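Novice: So that we are looking at the same thing, I have put the structure below in structure tokens.
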Amino acid sequence: MRKRWSTPQLYAAVLFLLAGWQTITAGPKDGNWPQWRGSDGSGVSIETNLPVEWSASKNLKWKTPLSGSGHSSPIVWGNRIFLTAEIEGDVVAGAQAVKHIIEGSEYKHPDAVGADRQHTFKIICLDRDSGKMLWEQTAYEGTVFDDRHRKSSHAAPTPATDGKYVFAYFGTEGLYCYDFKGKLIWKTSPGPIATVGMGTATSPVLFEDYVILQCDEDSGEKSFMVAYHKKNGKEAWKMPRQVQASWTTPLLVRGPQRAELITSGNELIISYDPKTGKEWWRTKGHESNAIASPVTGHGLAIISAGFPLKRMLAVKLGASGELDSLNANIVWRYNKGIAYVPSGILYGDYMYVMTDRGILTCLEAKTGKVIYEGARLPIPATFTASPVACEGKLLLTSEDGDTFVVKAGPQHEVLATNSIEEPVFASPAIANGMIFIRGEKNLYCIGR
């Protein structure tokens, strides 16, 4: 029997093939950060000469006020920055969220809010070097299909760009394509997607001529993966899946033989062919809420979830068929110290995961061997943003706006603590020698 939603608290020749796997990228050496967690979805940047310390008076290049709220990360292409925002308006008489039926009974999450109000969803473009607002377009105005978590925003999915178009996703309210001048090219909707009243968080992923979405809803009976043509928004393929609501973004990886689209989920972890939607392999899911994004390296896909159970597993890329718990393609597992919301990060030879309070664990990525556990930060903190990495360092940004610079490697060491003195819920972006941090009210550019 599938595990359902719980109470409100609701990863020779063979060696050659494995070594050949890499994340699909627009070219990590191009200095761009074009989607959720960067060019290859890893959260890792090859940028150098980035500051280790910053504050309101040190290494702050600019600060720009933003209209509305949003948990989407900024993306960067050339001298353009794009992000999304939501403005929540007045109560609309009669407006309400879709009803959620969990285990046969109507259910409303105690932290679900917002469907009774007017909403405006925006796409924002800034100049990378000055922070100047270049344009702002309204993608959607009206009421919404479902609530959001009171701590979140309907502008949670991070947009994606191929250098010509920008793709912004707002769940049921639509997928929008704009050019770099702010002209709307097309819009479409995947249809009604109920998210247990928690809102949408999965971000669009680009593969060749496609924009791909993971659309998991309440009970999973109507969940699906879907790909749209980038040039016109027409559906390219659609694949049903029996996986209940998730807030994770899939990861694209490419090997010498094929590409894989790795998806996390409560009931199932599935790898798809991004060209057709055909399944490559599947294995049992986490039996937990799928929020963290998968990562990849050393010929492995590492997939995790942190609530109600803490689960992480590493699967060999290139597998096929149904993988049971004893299958040789499942290389290792680790079941503690995993956050509910932030994703882990694979940097060099090590896989790092943290709790929502920032307690850090380091594992050997190839084997799952524990290098250290229980590493703490100098001050108490809570995290929604996922870590990023560069120049041998991990950057962990807390909800209080403090970024802890942690030395990467087998020895835990906190090198610096930097504050923008503003709450942060979005993951940072790194591009062109700068770090971009979205605060609750402002976007900050950190650089020398």
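We label chains A, B, ... in the order they appear in the structure tokens, count residues from 1 in each chain, and number ligands from 1 in the order shown.
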Excluding range 427-443 of chain A and any residue of its chain fewer than 3 positions from it, enumerate the residues within 9 Å of it, using only C-alpha atoms, and give them as a ChimeraX atom specification.
Specialist: /A:30-33,36-38,43-51,61-78,131,342,384-390,395-397,401,420-424,446-448
Novice: Sorted by chain and rising residue number, which residues of range 328-434 of chain A lie within 12 Å of range 244-266 of chain A, and what are their closest atom pairs and distances in Å to one decimal, counting only C-alpha atoms, as JSON lines?
Specialist:
{"residue": "A:Tyr340", "atom": "CA", "partner": "A:Trp247", "partner_atom": "CA", "distance": 10.9}
{"residue": "A:Val341", "atom": "CA", "partner": "A:Trp247", "partner_atom": "CA", "distance": 9.1}
{"residue": "A:Pro342", "atom": "CA", "partner": "A:Thr248", "partner_atom": "CA", "distance": 10.2}
{"residue": "A:Ser343", "atom": "CA", "partner": "A:Thr248", "partner_atom": "CA", "distance": 9.1}
Novice: Since we have the selection now, will you write its residues out, keeping N, CA and C atoms, as a CSV table (one decimal), in the first residue's frame?
Specialist:
chain,number,residue,atom,x,y,z
A,340,TYR,N,14.4,19.3,5.7
A,340,TYR,CA,13.1,19.3,5.1
A,340,TYR,C,13.0,20.0,3.8
A,341,VAL,N,13.6,21.2,3.8
A,341,VAL,CA,13.5,22.1,2.6
A,341,VAL,C,14.8,22.2,1.8
A,342,PRO,N,15.9,22.7,2.4
A,342,PRO,CA,17.2,22.9,1.6
A,342,PRO,C,17.7,21.6,1.0
A,343,SER,N,18.2,21.7,-0.3
A,343,SER,CA,18.8,20.6,-1.0
A,343,SER,C,20.2,20.4,-0.5
Novice: Can you pull out the residues contacting range 109-112 of chain A? Cut-off 8 Å, using only C-alpha atoms, and skip same-chain residues under 3 positions away; I want them as a short mmCIF file (atom, residue, chain, number, x, y, z; two decimals) with C-alpha atoms, in the first residue's frame.
Specialist:
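Final output, selection.cif:
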data_model
loop_
_atom_site.label_atom_id
_atom_site.label_comp_id
_atom_site.auth_asym_id
_atom_site.auth_seq_id
_atom_site.Cartn_x
_atom_site.Cartn_y
_atom_site.Cartn_z
CA PRO A 8 -0.14 18.58 9.20
CA ASP A 147 -3.31 28.29 -1.27
CA ARG A 148 0.34 28.67 -0.37
CA HIS A 149 2.19 28.08 2.88
CA ARG A 150 2.00 31.26 4.96
CA VAL A 196 -2.11 20.42 -0.44
CA GLY A 197 -2.42 24.18 0.00
CA MET A 198 1.34 24.64 0.17
#
Novice: From the set A:Thr361, A:Ser325, A:Ser223, A:Thr120, which residue has the shortest atom-to-atom contact distance to His412 in chain A, counting only C-alpha atoms?
Specialist: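 When distances to His412 in chain A are compared using only C-alpha atoms, the smallest one comes from A:Thr361.
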Novice: Applying 6 Å and only C-alpha atoms, which residues near Ala301 in chain A remain after dropping the ones on its own chain fewer than 5 positions away? List them as an mmCIF file with C-alpha atoms, in the first residue's frame.
Specialist:
data_model
loop_
_atom_site.group_PDB
_atom_site.id
_atom_site.type_symbol
_atom_site.label_atom_id
_atom_site.label_comp_id
_atom_site.auth_asym_id
_atom_site.auth_seq_id
_atom_site.Cartn_x
_atom_site.Cartn_y
_atom_site.Cartn_z
ATOM 1 C CA TYR A 11 20.188 9.890 -4.719
ATOM 2 C CA VAL A 295 22.343 16.097 -7.330
ATOM 3 C CA THR A 296 24.808 14.115 -9.414
ATOM 4 C CA ALA A 314 22.758 7.038 -4.464
ATOM 5 C CA VAL A 315 21.804 5.318 -7.728
#
Novice: Counting only C-alpha atoms, what is within 12 Å of Asp146 in chain A, bar same-chain residues fewer than 3 positions away, as JSON, numbers by chain?
Specialist: {"A": [95, 96, 97, 98, 99, 100, 108, 109, 112, 113, 114, 115, 116, 117, 119, 143, 149, 153, 154, 170, 171, 172, 173, 192, 193, 194, 195, 196, 197, 198, 199, 200, 217, 218]}
Novice: Export C-alpha atoms of the chosen residues as a CSV table (one decimal), in the first residue's frame?
Specialist:
chain,number,residue,atom,x,y,z
A,95,ALA,CA,-12.6,33.1,-3.7
A,96,GLN,CA,-11.3,30.0,-2.1
A,97,ALA,CA,-8.7,27.2,-2.6
A,98,VAL,CA,-9.6,23.9,-4.2
A,99,LYS,CA,-10.7,21.3,-1.7
A,100,HIS,CA,-8.1,18.7,-0.8
A,108,LYS,CA,-6.9,22.0,5.0
A,109,HIS,CA,-3.3,22.5,6.2
A,112,ALA,CA,-2.4,27.3,4.0
A,113,VAL,CA,-3.4,30.9,3.1
A,114,GLY,CA,-3.9,33.2,0.2
A,115,ALA,CA,-6.4,31.7,-2.2
A,116,ASP,CA,-9.1,34.1,-1.0
A,117,ARG,CA,-7.1,37.1,-2.3
A,119,HIS,CA,-2.8,38.1,-6.9
A,143,THR,CA,-7.4,34.7,-8.0
A,149,HIS,CA,2.2,28.1,2.9
A,153,SER,CA,5.1,32.7,-2.0
A,154,HIS,CA,3.4,31.8,-5.2
A,170,PHE,CA,3.5,29.8,-11.5
A,171,GLY,CA,1.8,26.4,-11.2
A,172,THR,CA,-1.8,26.3,-12.3
A,173,GLU,CA,-1.6,30.0,-13.1
A,192,PRO,CA,-5.2,22.5,-12.3
A,193,ILE,CA,-2.5,21.2,-9.9
A,194,ALA,CA,-3.5,21.0,-6.2
A,195,THR,CA,-0.5,21.2,-3.9
A,196,VAL,CA,-2.1,20.4,-0.4
A,197,GLY,CA,-2.4,24.2,0.0
A,198,MET,CA,1.3,24.6,0.2
A,199,GLY,CA,1.8,26.3,-3.2
A,200,THR,CA,4.1,25.5,-6.2
A,217,GLU,CA,-0.6,16.9,-7.2
A,218,ASP,CA,-2.3,16.1,-3.9
